[in-house]
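Report on the structure given below.
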Amino acid sequence: MPTALPTDDLVDLEPPARHEVEHIARGMASAPCGSDGLTELQRLVIEAMVRSMTGVHLDVGSLDPISACDFAAGLAHRNEIFRTRVLQLMEVCHMILDEPSVEVADSVIEFARELSLDETCVTAARAVADGSRQLVAADFDRSTYLTGLDLSGFTPLRTGDDNVYAWTSTVVSDDLADKWRSLAALPTGTLGRGIHDFYLARGFRVPGEEGSAPPLLAQHDWVHVLADYGSRVESEIEVFAFIARASDDPAAFALLAMVLNLFQNGALPNAAGIFEAHTGNLHVEGMPSRLADALRRGAHCDGSIDFLAVDWFSLADQEVGDVRAHFGVTPKSDEAVADGSVGPWEAGGISPFQLETGQERARDEGRPYEAFGATS
């Protein structure tokens with residue numbers, strides 16, 4: 001029997017104490033556990049997420065399994081938002097498997113039902129596990145989060161196309177390209193100059209040019225500069241974890257689901273008009289803590305922020321530090337930095353391919369190449 005959501009007078013809005021953290025961790029370890037037990041990567045990710053979000057250090061291997069019914073009963077006083085966040089972390093632990101599992105997907109769905117939650121955020125992952133990969137890739141590109149974004153302030157976009165087109169297709173527009181090129185005139189240290197340098201170092205085409213990223217996807221590039229993440233595949237996981245957790249809309253979880261299915265298990269061959277599958281990136285040493293820290297930083301932003309819908313050009317002339325303060329972006333944890341989380345202008349903050357592309361474009365345009373400190 002599913003555990004009903006509490007009434008307003010009974011809901012607990014306080015941070016969980018240690019005993020509840022342990023209860024949540026038991027559920028996080030039980031829901032995505034297949035018949036062979038948790039994988040080492042799942043264990044590392046669960047421990048990192050618990051440590052980053054709560055400050056509690058646990059040995060997940062020492063926790064007893066718990067049924068979906070008993071787990072939900074222990075969260076009877078928690079509201080839908082709290083339960084949904086826990087469920088999403090369970091589903092993260094499914095999607096980091098090297099091969100999506102119908103058994104694990106069904107287990108997570110059982111936990112969702114017992115928690116009295118909508119299963120929308122996990123049914124797509126089950127379909128992936130069941131082999132419907134191309135269909136699910138299209139569903140990610142047309143997720144309710146993307147189609148529901150308010151883009152009235154997103155000045156580089158409105159061309160009469162819908163949000164999905166702007167997410168999956170390049171828009172060729174001289175006016176749009178000129179708007180992005182104008183960022184070069186801003187002072188060093190501003191957010192807009194940072195995004196200009198980010199593109200220049202990597203040889204990226206700006207939105208509006210042939211061969212550029214779709215304009216809505218290009219919105220996430222500003223977050224690389226804002227949140228201080230490089231542009232290798234591992235950093236893309238951090239960026240989208242940060243973006244997904246910063247929004248209170250549960251549908252934003254689709255962004256993190258997309259990148260994990262692209263860049264961890266390869267269940268999606270491509271998405272968003274530009275990304276191609278590149279597997280196994282959470283196995284890179286230190287990535288569990290980096291993923292967990294990106295989720296923490298997104299959660300700590302001020303209010304609910306849809307970073308893909310921000311009018312970045314209205315903030316482009318401001319110092320990066322001031323924009324971080326505006327959104328409440330906290331520093332990375334020492335653990336994440338020690339585990340290899342780098343910014344766009346640091347060693348490891350650019351891929352070898354991007355470095356080569358940036359150098360080649362500089363030669364073609366007859367100018368010296370500048371990486372602004374980034375090396376592969």
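Following the order of the structure tokens, chains are lettered A, B, ..., residues in each are numbered from 1, and ligands are numbered from 1.
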Among the residues of range 251-309 of chain A, find those DSSP assigns to strand (DSSP E or B) from the backbone and print them as a PyMOL selection string. chain A and resi 270-271+275-276
Resulting file, chosen residues, all heavy atoms, as an mmCIF file, in the first residue's frame:
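selection01.cif, written as the output of this step:
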data_model
loop_
_atom_site.group_PDB
_atom_site.id
_atom_site.type_symbol
_atom_site.label_atom_id
_atom_site.label_comp_id
_atom_site.auth_asym_id
_atom_site.auth_seq_id
_atom_site.Cartn_x
_atom_site.Cartn_y
_atom_site.Cartn_z
ATOM 1 N N ASN A 270 22.864 9.624 -29.476
ATOM 2 C CA ASN A 270 23.056 11.055 -29.669
ATOM 3 C C ASN A 270 21.864 11.784 -29.081
ATOM 4 O O ASN A 270 20.836 11.176 -28.787
ATOM 5 C CB ASN A 270 23.206 11.410 -31.157
ATOM 6 C CG ASN A 270 22.086 10.805 -31.995
ATOM 7 O OD1 ASN A 270 20.921 11.163 -31.849
ATOM 8 N ND2 ASN A 270 22.445 9.868 -32.859
ATOM 9 N N ALA A 271 22.014 13.088 -28.903
ATOM 10 C CA ALA A 271 20.916 13.909 -28.378
ATOM 11 C C ALA A 271 21.268 15.371 -28.542
ATOM 12 O O ALA A 271 22.438 15.742 -28.734
ATOM 13 C CB ALA A 271 20.645 13.589 -26.907
ATOM 14 N N PHE A 275 25.436 16.361 -29.367
ATOM 15 C CA PHE A 275 26.141 15.419 -28.511
ATOM 16 C C PHE A 275 26.103 14.015 -29.096
ATOM 17 O O PHE A 275 25.072 13.547 -29.581
ATOM 18 C CB PHE A 275 25.508 15.380 -27.116
ATOM 19 C CG PHE A 275 25.814 16.578 -26.266
ATOM 20 C CD1 PHE A 275 24.842 17.125 -25.437
ATOM 21 C CD2 PHE A 275 27.067 17.165 -26.264
ATOM 22 C CE1 PHE A 275 25.112 18.228 -24.634
ATOM 23 C CE2 PHE A 275 27.352 18.265 -25.479
ATOM 24 C CZ PHE A 275 26.366 18.793 -24.658
ATOM 25 N N GLU A 276 27.236 13.322 -29.022
ATOM 26 C CA GLU A 276 27.346 11.926 -29.416
ATOM 27 C C GLU A 276 27.761 11.105 -28.204
ATOM 28 O O GLU A 276 28.451 11.596 -27.311
ATOM 29 C CB GLU A 276 28.388 11.762 -30.534
ATOM 30 C CG GLU A 276 28.092 12.558 -31.800
ATOM 31 C CD GLU A 276 26.903 12.025 -32.567
ATOM 32 O OE1 GLU A 276 26.583 10.824 -32.406
ATOM 33 O OE2 GLU A 276 26.288 12.810 -33.325
#
Contacts of range 57-67 of chain A within 8 Å, only C-alpha atoms, excl. fewer than 3 positions in-chain, as a list in words: Glu22, Ala25, Arg26, Gly27, Ala29, Ser30, Arg43, Ile46, Glu47, Val50, Arg51, Asp70 and Phe71 of chain A
What would the file look like if the residues just selected were written as an mmCIF file, in the first residue's frame with N, CA and C atoms?
data_model
loop_
_atom_site.group_PDB
_atom_site.id
_atom_site.type_symbol
_atom_site.label_atom_id
_atom_site.label_comp_id
_atom_site.auth_asym_id
_atom_site.auth_seq_id
_atom_site.Cartn_x
_atom_site.Cartn_y
_atom_site.Cartn_z
ATOM 1 N N GLU A 22 20.699 7.877 7.168
ATOM 2 C CA GLU A 22 20.998 6.454 7.026
ATOM 3 C C GLU A 22 19.825 5.719 6.382
ATOM 4 N N ALA A 25 19.856 6.538 2.724
ATOM 5 C CA ALA A 25 20.955 5.832 2.072
ATOM 6 C C ALA A 25 20.611 4.360 1.866
ATOM 7 N N ARG A 26 19.906 3.756 2.811
ATOM 8 C CA ARG A 26 19.480 2.360 2.642
ATOM 9 C C ARG A 26 18.588 2.227 1.415
ATOM 10 N N GLY A 27 17.665 3.174 1.256
ATOM 11 C CA GLY A 27 16.800 3.134 0.084
ATOM 12 C C GLY A 27 17.563 3.370 -1.199
ATOM 13 N N ALA A 29 20.534 2.616 -1.791
ATOM 14 C CA ALA A 29 21.339 1.438 -2.091
ATOM 15 C C ALA A 29 20.483 0.232 -2.458
ATOM 16 N N SER A 30 19.227 0.226 -2.034
ATOM 17 C CA SER A 30 18.353 -0.928 -2.279
ATOM 18 C C SER A 30 17.622 -0.831 -3.610
ATOM 19 N N ARG A 43 28.231 2.167 -5.461
ATOM 20 C CA ARG A 43 28.572 2.397 -4.051
ATOM 21 C C ARG A 43 29.299 3.730 -3.889
ATOM 22 N N ILE A 46 26.807 6.686 -4.440
ATOM 23 C CA ILE A 46 25.873 6.859 -3.319
ATOM 24 C C ILE A 46 26.580 7.485 -2.127
ATOM 25 N N GLU A 47 27.740 6.967 -1.784
ATOM 26 C CA GLU A 47 28.470 7.526 -0.646
ATOM 27 C C GLU A 47 28.851 8.979 -0.892
ATOM 28 N N VAL A 50 25.628 11.214 -0.599
ATOM 29 C CA VAL A 50 25.235 11.374 0.806
ATOM 30 C C VAL A 50 26.199 12.313 1.525
ATOM 31 N N ARG A 51 27.474 12.122 1.289
ATOM 32 C CA ARG A 51 28.501 12.947 1.941
ATOM 33 C C ARG A 51 28.390 14.413 1.508
ATOM 34 N N ASP A 70 8.736 -0.434 3.240
ATOM 35 C CA ASP A 70 9.297 0.050 4.502
ATOM 36 C C ASP A 70 10.034 1.372 4.303
ATOM 37 N N PHE A 71 10.681 1.510 3.162
ATOM 38 C CA PHE A 71 11.380 2.761 2.904
ATOM 39 C C PHE A 71 10.396 3.923 2.825
#
I want to know what sits within 8 Å of Ala254 in chain A, based on only C-alpha atoms, with residues of the same chain fewer than 5 positions away left out; could you give that as a PyMOL selection string? chain A and resi 121+140+143+145+244
Print the selection's residues with C-alpha atoms to a file, as a PDB file, in the first residue's frame.
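Resulting contents of part22.pdb:
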ATOM      1  CA  CYS A 121      11.087  10.529 -14.389  1.00  0.00           C
ATOM      2  CA  PHE A 140      14.583  13.594 -24.174  1.00  0.00           C
ATOM      3  CA  SER A 143      10.941  16.716 -22.724  1.00  0.00           C
ATOM      4  CA  TYR A 145      11.076  20.649 -19.210  1.00  0.00           C
ATOM      5  CA  ALA A 244      19.251  19.996 -13.435  1.00  0.00           C
TER       6      ALA A 244
END
Would you kindly return, as a ChimeraX atom specification, each protein, DNA or RNA residue with an atom no farther than 12 Å from any atom of Ile243 in chain A, considering only C-alpha atoms and excluding same-chain residues fewer than 5 positions away? /A:145,219-224,226-227,236-238,248-257,259,291,294-301,304-310,327,329
DSSP alpha helix (DSSP H) residues within range 191-283 of chain A, as a PyMOL selection string: chain A and resi 191-202+215-226+233-246+253-263
If you keep N, CA and C atoms, can you produce a file of those selected residues as a CSV table (one decimal), in the first residue's frame?
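Generated output (selection-v9.csv):
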chain,number,residue,atom,x,y,z
A,191,LEU,N,31.4,38.2,-17.6
A,191,LEU,CA,30.9,36.9,-18.0
A,191,LEU,C,30.9,36.8,-19.5
A,192,GLY,N,30.4,37.9,-20.2
A,192,GLY,CA,30.4,37.8,-21.6
A,192,GLY,C,31.7,37.6,-22.3
A,193,ARG,N,32.8,38.3,-21.8
A,193,ARG,CA,34.1,38.1,-22.3
A,193,ARG,C,34.6,36.7,-22.1
A,194,GLY,N,34.2,36.2,-20.9
A,194,GLY,CA,34.5,34.8,-20.6
A,194,GLY,C,34.0,33.8,-21.6
A,195,ILE,N,32.7,34.0,-22.0
A,195,ILE,CA,32.1,33.1,-22.9
A,195,ILE,C,32.7,33.2,-24.3
A,196,HIS,N,33.1,34.5,-24.7
A,196,HIS,CA,33.8,34.7,-25.9
A,196,HIS,C,35.1,34.0,-25.9
A,197,ASP,N,35.9,34.1,-24.9
A,197,ASP,CA,37.2,33.4,-24.8
A,197,ASP,C,37.0,31.9,-24.8
A,198,PHE,N,36.0,31.4,-24.1
A,198,PHE,CA,35.6,30.0,-24.0
A,198,PHE,C,35.5,29.4,-25.4
A,199,TYR,N,34.7,30.2,-26.3
A,199,TYR,CA,34.5,29.7,-27.7
A,199,TYR,C,35.8,29.8,-28.5
A,200,LEU,N,36.5,30.9,-28.3
A,200,LEU,CA,37.7,31.2,-29.1
A,200,LEU,C,38.7,30.1,-28.9
A,201,ALA,N,39.0,29.8,-27.6
A,201,ALA,CA,40.0,28.8,-27.3
A,201,ALA,C,39.7,27.4,-27.9
A,202,ARG,N,38.4,27.1,-28.0
A,202,ARG,CA,38.0,25.8,-28.5
A,202,ARG,C,37.6,25.7,-30.0
A,215,PRO,N,20.9,27.0,-30.6
A,215,PRO,CA,21.0,28.2,-29.7
A,215,PRO,C,20.5,27.9,-28.3
A,216,LEU,N,19.6,27.0,-28.1
A,216,LEU,CA,19.1,26.7,-26.7
A,216,LEU,C,20.2,25.9,-26.0
A,217,LEU,N,20.8,24.9,-26.7
A,217,LEU,CA,21.9,24.2,-26.1
A,217,LEU,C,23.1,25.1,-25.8
A,218,ALA,N,23.3,26.1,-26.6
A,218,ALA,CA,24.4,27.0,-26.3
A,218,ALA,C,24.2,27.8,-25.0
A,219,GLN,N,23.0,27.8,-24.5
A,219,GLN,CA,22.7,28.4,-23.2
A,219,GLN,C,23.6,27.8,-22.1
A,220,HIS,N,23.8,26.5,-22.2
A,220,HIS,CA,24.5,25.8,-21.2
A,220,HIS,C,26.0,26.2,-21.2
A,221,ASP,N,26.5,26.7,-22.3
A,221,ASP,CA,28.0,27.1,-22.3
A,221,ASP,C,28.3,28.2,-21.3
A,222,TRP,N,27.3,29.1,-21.1
A,222,TRP,CA,27.5,30.2,-20.1
A,222,TRP,C,27.7,29.6,-18.7
A,223,VAL,N,27.1,28.4,-18.5
A,223,VAL,CA,27.2,27.8,-17.1
A,223,VAL,C,28.6,27.2,-17.0
A,224,HIS,N,29.3,26.8,-18.0
A,224,HIS,CA,30.7,26.4,-17.9
A,224,HIS,C,31.5,27.5,-17.3
A,225,VAL,N,31.3,28.7,-17.7
A,225,VAL,CA,32.0,29.9,-17.2
A,225,VAL,C,31.5,30.3,-15.9
A,226,LEU,N,30.2,30.4,-15.7
A,226,LEU,CA,29.6,30.8,-14.4
A,226,LEU,C,30.0,29.9,-13.3
A,233,VAL,N,34.3,15.9,-21.6
A,233,VAL,CA,33.0,15.2,-21.4
A,233,VAL,C,32.7,15.1,-19.9
A,234,GLU,N,33.7,14.8,-19.0
A,234,GLU,CA,33.4,14.7,-17.6
A,234,GLU,C,32.8,16.0,-17.1
A,235,SER,N,33.3,17.1,-17.6
A,235,SER,CA,32.8,18.4,-17.1
A,235,SER,C,31.4,18.6,-17.6
A,236,GLU,N,31.0,18.1,-18.8
A,236,GLU,CA,29.6,18.2,-19.3
A,236,GLU,C,28.7,17.5,-18.3
A,237,ILE,N,29.1,16.4,-17.7
A,237,ILE,CA,28.3,15.7,-16.7
A,237,ILE,C,28.1,16.7,-15.5
A,238,GLU,N,29.1,17.3,-15.1
A,238,GLU,CA,29.0,18.3,-13.9
A,238,GLU,C,28.1,19.4,-14.3
A,239,VAL,N,28.2,20.0,-15.5
A,239,VAL,CA,27.4,21.1,-15.8
A,239,VAL,C,25.9,20.8,-15.8
A,240,PHE,N,25.6,19.7,-16.4
A,240,PHE,CA,24.2,19.3,-16.5
A,240,PHE,C,23.6,18.8,-15.2
A,241,ALA,N,24.5,18.3,-14.4
A,241,ALA,CA,24.0,17.9,-13.0
A,241,ALA,C,23.7,19.2,-12.2
A,242,PHE,N,24.6,20.2,-12.4
A,242,PHE,CA,24.4,21.5,-11.7
A,242,PHE,C,23.1,22.2,-12.2
A,243,ILE,N,22.9,22.2,-13.6
A,243,ILE,CA,21.7,22.8,-14.1
A,243,ILE,C,20.4,22.1,-13.7
A,244,ALA,N,20.4,20.8,-13.8
A,244,ALA,CA,19.3,20.0,-13.4
A,244,ALA,C,18.8,20.2,-12.0
A,245,ARG,N,19.8,20.3,-11.1
A,245,ARG,CA,19.5,20.4,-9.7
A,245,ARG,C,19.1,21.8,-9.2
A,246,ALA,N,19.5,22.8,-10.0
A,246,ALA,CA,19.2,24.2,-9.7
A,246,ALA,C,17.8,24.5,-9.9
A,253,PHE,N,15.2,17.0,-14.4
A,253,PHE,CA,16.0,15.8,-14.2
A,253,PHE,C,16.3,15.2,-15.5
A,254,ALA,N,15.4,15.5,-16.5
A,254,ALA,CA,15.7,14.9,-17.9
A,254,ALA,C,17.0,15.3,-18.4
A,255,LEU,N,17.5,16.5,-18.1
A,255,LEU,CA,18.8,16.9,-18.6
A,255,LEU,C,19.9,16.0,-18.1
A,256,LEU,N,19.9,15.7,-16.8
A,256,LEU,CA,20.9,14.8,-16.2
A,256,LEU,C,20.8,13.4,-16.7
A,257,ALA,N,19.5,13.0,-16.8
A,257,ALA,CA,19.3,11.6,-17.4
A,257,ALA,C,19.9,11.5,-18.8
A,258,MET,N,19.7,12.6,-19.6
A,258,MET,CA,20.2,12.6,-21.0
A,258,MET,C,21.7,12.4,-21.0
A,259,VAL,N,22.4,13.2,-20.2
A,259,VAL,CA,23.9,13.1,-20.3
A,259,VAL,C,24.4,11.8,-19.7
A,260,LEU,N,23.8,11.3,-18.7
A,260,LEU,CA,24.2,10.0,-18.2
A,260,LEU,C,24.0,8.9,-19.2
A,261,ASN,N,22.9,8.9,-19.9
A,261,ASN,CA,22.7,7.9,-20.9
A,261,ASN,C,23.6,8.1,-22.1
A,262,LEU,N,24.1,9.3,-22.3
A,262,LEU,CA,25.1,9.6,-23.4
A,262,LEU,C,26.5,9.2,-23.0
A,263,PHE,N,26.9,9.7,-21.8
A,263,PHE,CA,28.3,9.8,-21.4
A,263,PHE,C,28.7,8.8,-20.4
Neighbouring residues of range 86-102 of chain A were defined as those with any atom within 9 Å, considering only C-alpha atoms; residues of the same chain fewer than 6 positions away were excluded. Please report them as a PyMOL selection string. chain A and resi 24+27-34+39+41-43+45-46+49+108+111-112+115+117+121-122+125-130+250+253+256-257+260-261+264-267+279-280+282
Next, the residues of the selection above should be written as a compact mmCIF listing (two decimals), in the first residue's frame with N, CA and C atoms.
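The resulting file, result-v6.txt, is shown below:
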# COMPACT_ATOMS: atom_id res chain seq x y z
N ILE A 24 17.61 7.02 4.29
CA ILE A 24 17.60 7.39 2.88
C ILE A 24 18.68 6.64 2.12
N GLY A 27 17.66 3.17 1.26
CA GLY A 27 16.80 3.13 0.08
C GLY A 27 17.56 3.37 -1.20
N MET A 28 18.49 4.33 -1.18
CA MET A 28 19.28 4.63 -2.37
C MET A 28 20.13 3.43 -2.79
N ALA A 29 20.53 2.62 -1.79
CA ALA A 29 21.34 1.44 -2.09
C ALA A 29 20.48 0.23 -2.46
N SER A 30 19.23 0.23 -2.03
CA SER A 30 18.35 -0.93 -2.28
C SER A 30 17.62 -0.83 -3.61
N ALA A 31 17.10 0.35 -3.94
CA ALA A 31 16.30 0.49 -5.15
C ALA A 31 17.07 0.13 -6.42
N PRO A 32 18.31 0.62 -6.60
CA PRO A 32 19.03 0.33 -7.85
C PRO A 32 19.93 -0.90 -7.77
N CYS A 33 19.69 -1.74 -6.79
CA CYS A 33 20.55 -2.92 -6.57
C CYS A 33 20.02 -4.10 -7.38
N GLY A 34 20.81 -4.59 -8.30
CA GLY A 34 20.42 -5.76 -9.08
C GLY A 34 20.68 -7.05 -8.32
N THR A 39 27.13 -2.29 -7.80
CA THR A 39 28.46 -2.23 -8.40
C THR A 39 29.33 -1.31 -7.55
N LEU A 41 30.94 1.23 -8.63
CA LEU A 41 30.64 2.61 -9.01
C LEU A 41 29.39 3.10 -8.32
N GLN A 42 28.35 2.29 -8.25
CA GLN A 42 27.14 2.69 -7.54
C GLN A 42 27.45 3.01 -6.09
N ARG A 43 28.23 2.17 -5.46
CA ARG A 43 28.57 2.40 -4.05
C ARG A 43 29.30 3.73 -3.89
N VAL A 45 29.24 6.36 -5.83
CA VAL A 45 28.37 7.49 -6.13
C VAL A 45 27.39 7.74 -4.98
N ILE A 46 26.81 6.69 -4.44
CA ILE A 46 25.87 6.86 -3.32
C ILE A 46 26.58 7.48 -2.13
N MET A 49 27.27 11.17 -2.88
CA MET A 49 26.08 12.02 -2.84
C MET A 49 25.62 12.25 -1.41
N VAL A 108 13.23 0.52 -9.17
CA VAL A 108 13.09 1.94 -8.88
C VAL A 108 11.64 2.39 -9.06
N PHE A 111 9.72 1.55 -5.99
CA PHE A 111 9.94 2.54 -4.93
C PHE A 111 9.13 3.80 -5.22
N ALA A 112 9.06 4.21 -6.47
CA ALA A 112 8.27 5.40 -6.83
C ALA A 112 6.81 5.21 -6.45
N LEU A 115 6.22 5.41 -2.79
CA LEU A 115 6.38 6.79 -2.32
C LEU A 115 5.25 7.71 -2.80
N LEU A 117 4.60 8.63 -5.89
CA LEU A 117 5.16 9.58 -6.84
C LEU A 117 4.82 9.20 -8.27
N CYS A 121 9.64 10.31 -14.32
CA CYS A 121 11.09 10.53 -14.39
C CYS A 121 11.88 9.23 -14.50
N VAL A 122 11.22 8.08 -14.36
CA VAL A 122 11.96 6.82 -14.46
C VAL A 122 11.47 5.93 -15.59
N ALA A 125 13.83 5.77 -18.58
CA ALA A 125 15.02 4.95 -18.35
C ALA A 125 14.68 3.46 -18.49
N ARG A 126 13.47 3.07 -18.10
CA ARG A 126 13.08 1.67 -18.28
C ARG A 126 12.96 1.34 -19.77
N ALA A 127 12.42 2.29 -20.53
CA ALA A 127 12.30 2.06 -21.97
C ALA A 127 13.68 1.93 -22.61
N VAL A 128 14.64 2.72 -22.14
CA VAL A 128 16.02 2.58 -22.63
C VAL A 128 16.54 1.18 -22.32
N ALA A 129 16.32 0.74 -21.08
CA ALA A 129 16.79 -0.59 -20.67
C ALA A 129 16.13 -1.69 -21.49
N ASP A 130 14.91 -1.43 -21.94
CA ASP A 130 14.15 -2.42 -22.69
C ASP A 130 14.46 -2.37 -24.18
N PRO A 250 10.80 19.17 -11.31
CA PRO A 250 11.33 17.81 -11.39
C PRO A 250 11.65 17.36 -12.80
N PHE A 253 15.21 17.04 -14.35
CA PHE A 253 16.01 15.84 -14.20
C PHE A 253 16.31 15.19 -15.55
N LEU A 256 19.90 15.70 -16.77
CA LEU A 256 20.92 14.83 -16.20
C LEU A 256 20.76 13.41 -16.73
N ALA A 257 19.52 12.97 -16.85
CA ALA A 257 19.28 11.63 -17.41
C ALA A 257 19.86 11.52 -18.81
N LEU A 260 23.77 11.25 -18.68
CA LEU A 260 24.23 9.97 -18.15
C LEU A 260 24.01 8.86 -19.17
N ASN A 261 22.90 8.92 -19.90
CA ASN A 261 22.66 7.91 -20.92
C ASN A 261 23.55 8.12 -22.15
N GLN A 264 27.74 7.93 -19.91
CA GLN A 264 28.12 6.86 -19.00
C GLN A 264 27.84 5.50 -19.63
N ASN A 265 26.55 5.18 -19.87
CA ASN A 265 26.27 3.85 -20.39
C ASN A 265 26.09 3.81 -21.90
N GLY A 266 26.05 4.97 -22.56
CA GLY A 266 25.94 4.99 -24.02
C GLY A 266 24.60 4.50 -24.54
N ALA A 267 23.59 4.49 -23.66
CA ALA A 267 22.28 3.99 -24.08
C ALA A 267 21.65 4.87 -25.15
N THR A 279 31.18 6.72 -23.75
CA THR A 279 30.81 5.97 -22.57
C THR A 279 31.88 5.92 -21.48
N GLY A 280 31.41 5.56 -20.28
CA GLY A 280 32.28 5.21 -19.17
C GLY A 280 32.91 6.35 -18.41
N LEU A 282 31.97 8.18 -15.84
CA LEU A 282 31.92 8.19 -14.38
C LEU A 282 32.94 7.24 -13.76
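For range 366-373 of chain A, the non-local neighbours within 10 Å, defined as residues at least 2 positions apart in the same chain or in other chains and counting only C-alpha atoms, are Gly194, Asp197, Phe198, Tyr199, Leu200, Ala201, Arg202, Gly203, Gly343, Pro344, Trp345, Glu346, Ala347, Gly348, Gly349, Ile350, Leu355, Gly358, Gln359, Glu360, Arg361, Ala362, Arg363, Asp364 and Thr375 of chain A.
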Mind writing the picked residues with N, CA and C atoms as an mmCIF file, in the first residue's frame?
data_model
loop_
_atom_site.group_PDB
_atom_site.id
_atom_site.type_symbol
_atom_site.label_atom_id
_atom_site.label_comp_id
_atom_site.auth_asym_id
_atom_site.auth_seq_id
_atom_site.Cartn_x
_atom_site.Cartn_y
_atom_site.Cartn_z
ATOM 1 N N GLY A 194 34.175 36.177 -20.913
ATOM 2 C CA GLY A 194 34.531 34.795 -20.585
ATOM 3 C C GLY A 194 33.959 33.807 -21.583
ATOM 4 N N ASP A 197 35.888 34.088 -24.865
ATOM 5 C CA ASP A 197 37.183 33.412 -24.784
ATOM 6 C C ASP A 197 37.007 31.889 -24.757
ATOM 7 N N PHE A 198 35.956 31.429 -24.097
ATOM 8 C CA PHE A 198 35.639 30.000 -24.031
ATOM 9 C C PHE A 198 35.461 29.446 -25.441
ATOM 10 N N TYR A 199 34.709 30.159 -26.282
ATOM 11 C CA TYR A 199 34.481 29.722 -27.656
ATOM 12 C C TYR A 199 35.759 29.839 -28.491
ATOM 13 N N LEU A 200 36.479 30.938 -28.309
ATOM 14 C CA LEU A 200 37.666 31.190 -29.121
ATOM 15 C C LEU A 200 38.728 30.114 -28.894
ATOM 16 N N ALA A 201 38.960 29.763 -27.638
ATOM 17 C CA ALA A 201 39.989 28.775 -27.318
ATOM 18 C C ALA A 201 39.672 27.413 -27.912
ATOM 19 N N ARG A 202 38.393 27.093 -28.035
ATOM 20 C CA ARG A 202 37.972 25.768 -28.475
ATOM 21 C C ARG A 202 37.598 25.709 -29.952
ATOM 22 N N GLY A 203 37.659 26.842 -30.610
ATOM 23 C CA GLY A 203 37.321 26.868 -32.027
ATOM 24 C C GLY A 203 35.849 26.672 -32.297
ATOM 25 N N GLY A 343 38.303 24.134 -14.047
ATOM 26 C CA GLY A 343 37.587 25.183 -14.747
ATOM 27 C C GLY A 343 37.996 25.272 -16.202
ATOM 28 N N PRO A 344 37.377 26.181 -16.955
ATOM 29 C CA PRO A 344 37.656 26.293 -18.394
ATOM 30 C C PRO A 344 39.069 26.738 -18.713
ATOM 31 N N TRP A 345 39.751 27.372 -17.736
ATOM 32 C CA TRP A 345 41.057 27.972 -18.020
ATOM 33 C C TRP A 345 42.185 27.247 -17.292
ATOM 34 N N GLU A 346 41.980 25.994 -16.937
ATOM 35 C CA GLU A 346 42.976 25.224 -16.198
ATOM 36 C C GLU A 346 43.450 24.037 -17.021
ATOM 37 N N ALA A 347 44.561 23.447 -16.583
ATOM 38 C CA ALA A 347 45.031 22.210 -17.198
ATOM 39 C C ALA A 347 43.952 21.147 -17.074
ATOM 40 N N GLY A 348 43.623 20.511 -18.179
ATOM 41 C CA GLY A 348 42.555 19.518 -18.189
ATOM 42 C C GLY A 348 41.190 20.116 -18.441
ATOM 43 N N GLY A 349 41.119 21.423 -18.649
ATOM 44 C CA GLY A 349 39.836 22.074 -18.857
ATOM 45 C C GLY A 349 39.385 22.119 -20.300
ATOM 46 N N ILE A 350 40.165 21.541 -21.199
ATOM 47 C CA ILE A 350 39.838 21.530 -22.622
ATOM 48 C C ILE A 350 40.253 20.173 -23.178
ATOM 49 N N LEU A 355 41.277 21.658 -28.378
ATOM 50 C CA LEU A 355 42.534 22.406 -28.471
ATOM 51 C C LEU A 355 43.020 22.451 -29.917
ATOM 52 N N GLY A 358 40.703 24.695 -31.987
ATOM 53 C CA GLY A 358 40.969 26.100 -31.721
ATOM 54 C C GLY A 358 42.224 26.590 -32.415
ATOM 55 N N GLN A 359 43.277 25.771 -32.396
ATOM 56 C CA GLN A 359 44.538 26.133 -33.053
ATOM 57 C C GLN A 359 44.364 26.205 -34.566
ATOM 58 N N GLU A 360 43.631 25.249 -35.111
ATOM 59 C CA GLU A 360 43.418 25.216 -36.561
ATOM 60 C C GLU A 360 42.606 26.432 -37.021
ATOM 61 N N ARG A 361 41.592 26.788 -36.252
ATOM 62 C CA ARG A 361 40.785 27.945 -36.647
ATOM 63 C C ARG A 361 41.614 29.232 -36.562
ATOM 64 N N ALA A 362 42.456 29.333 -35.533
ATOM 65 C CA ALA A 362 43.315 30.515 -35.414
ATOM 66 C C ALA A 362 44.236 30.632 -36.629
ATOM 67 N N ARG A 363 44.805 29.504 -37.085
ATOM 68 C CA ARG A 363 45.677 29.520 -38.274
ATOM 69 C C ARG A 363 44.884 29.960 -39.509
ATOM 70 N N ASP A 364 43.675 29.423 -39.641
ATOM 71 C CA ASP A 364 42.850 29.761 -40.804
ATOM 72 C C ASP A 364 42.497 31.251 -40.826
ATOM 73 N N THR A 375 44.713 23.771 -20.964
ATOM 74 C CA THR A 375 45.512 22.768 -21.671
ATOM 75 C C THR A 375 44.798 21.439 -21.550
#
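Rounded to one decimal, CA of Met53 in chain A and CA of Thr144 in chain A lie 26.8 Å from each other.
For the pair CA of Leu176 in chain A and CA of Asp139 in chain A, the interatomic distance is 27.7 Å.
Of note, CA of Val171 in chain A and CA of Glu210 in chain A are spaced 7.7 Å apart.
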At a cut-off of 7 Å, using only C-alpha atoms, what residues contact Pro2 in chain A? Leave out same-chain residues fewer than 6 positions from it and give the result as a PyMOL selection string. chain A and resi 113-116
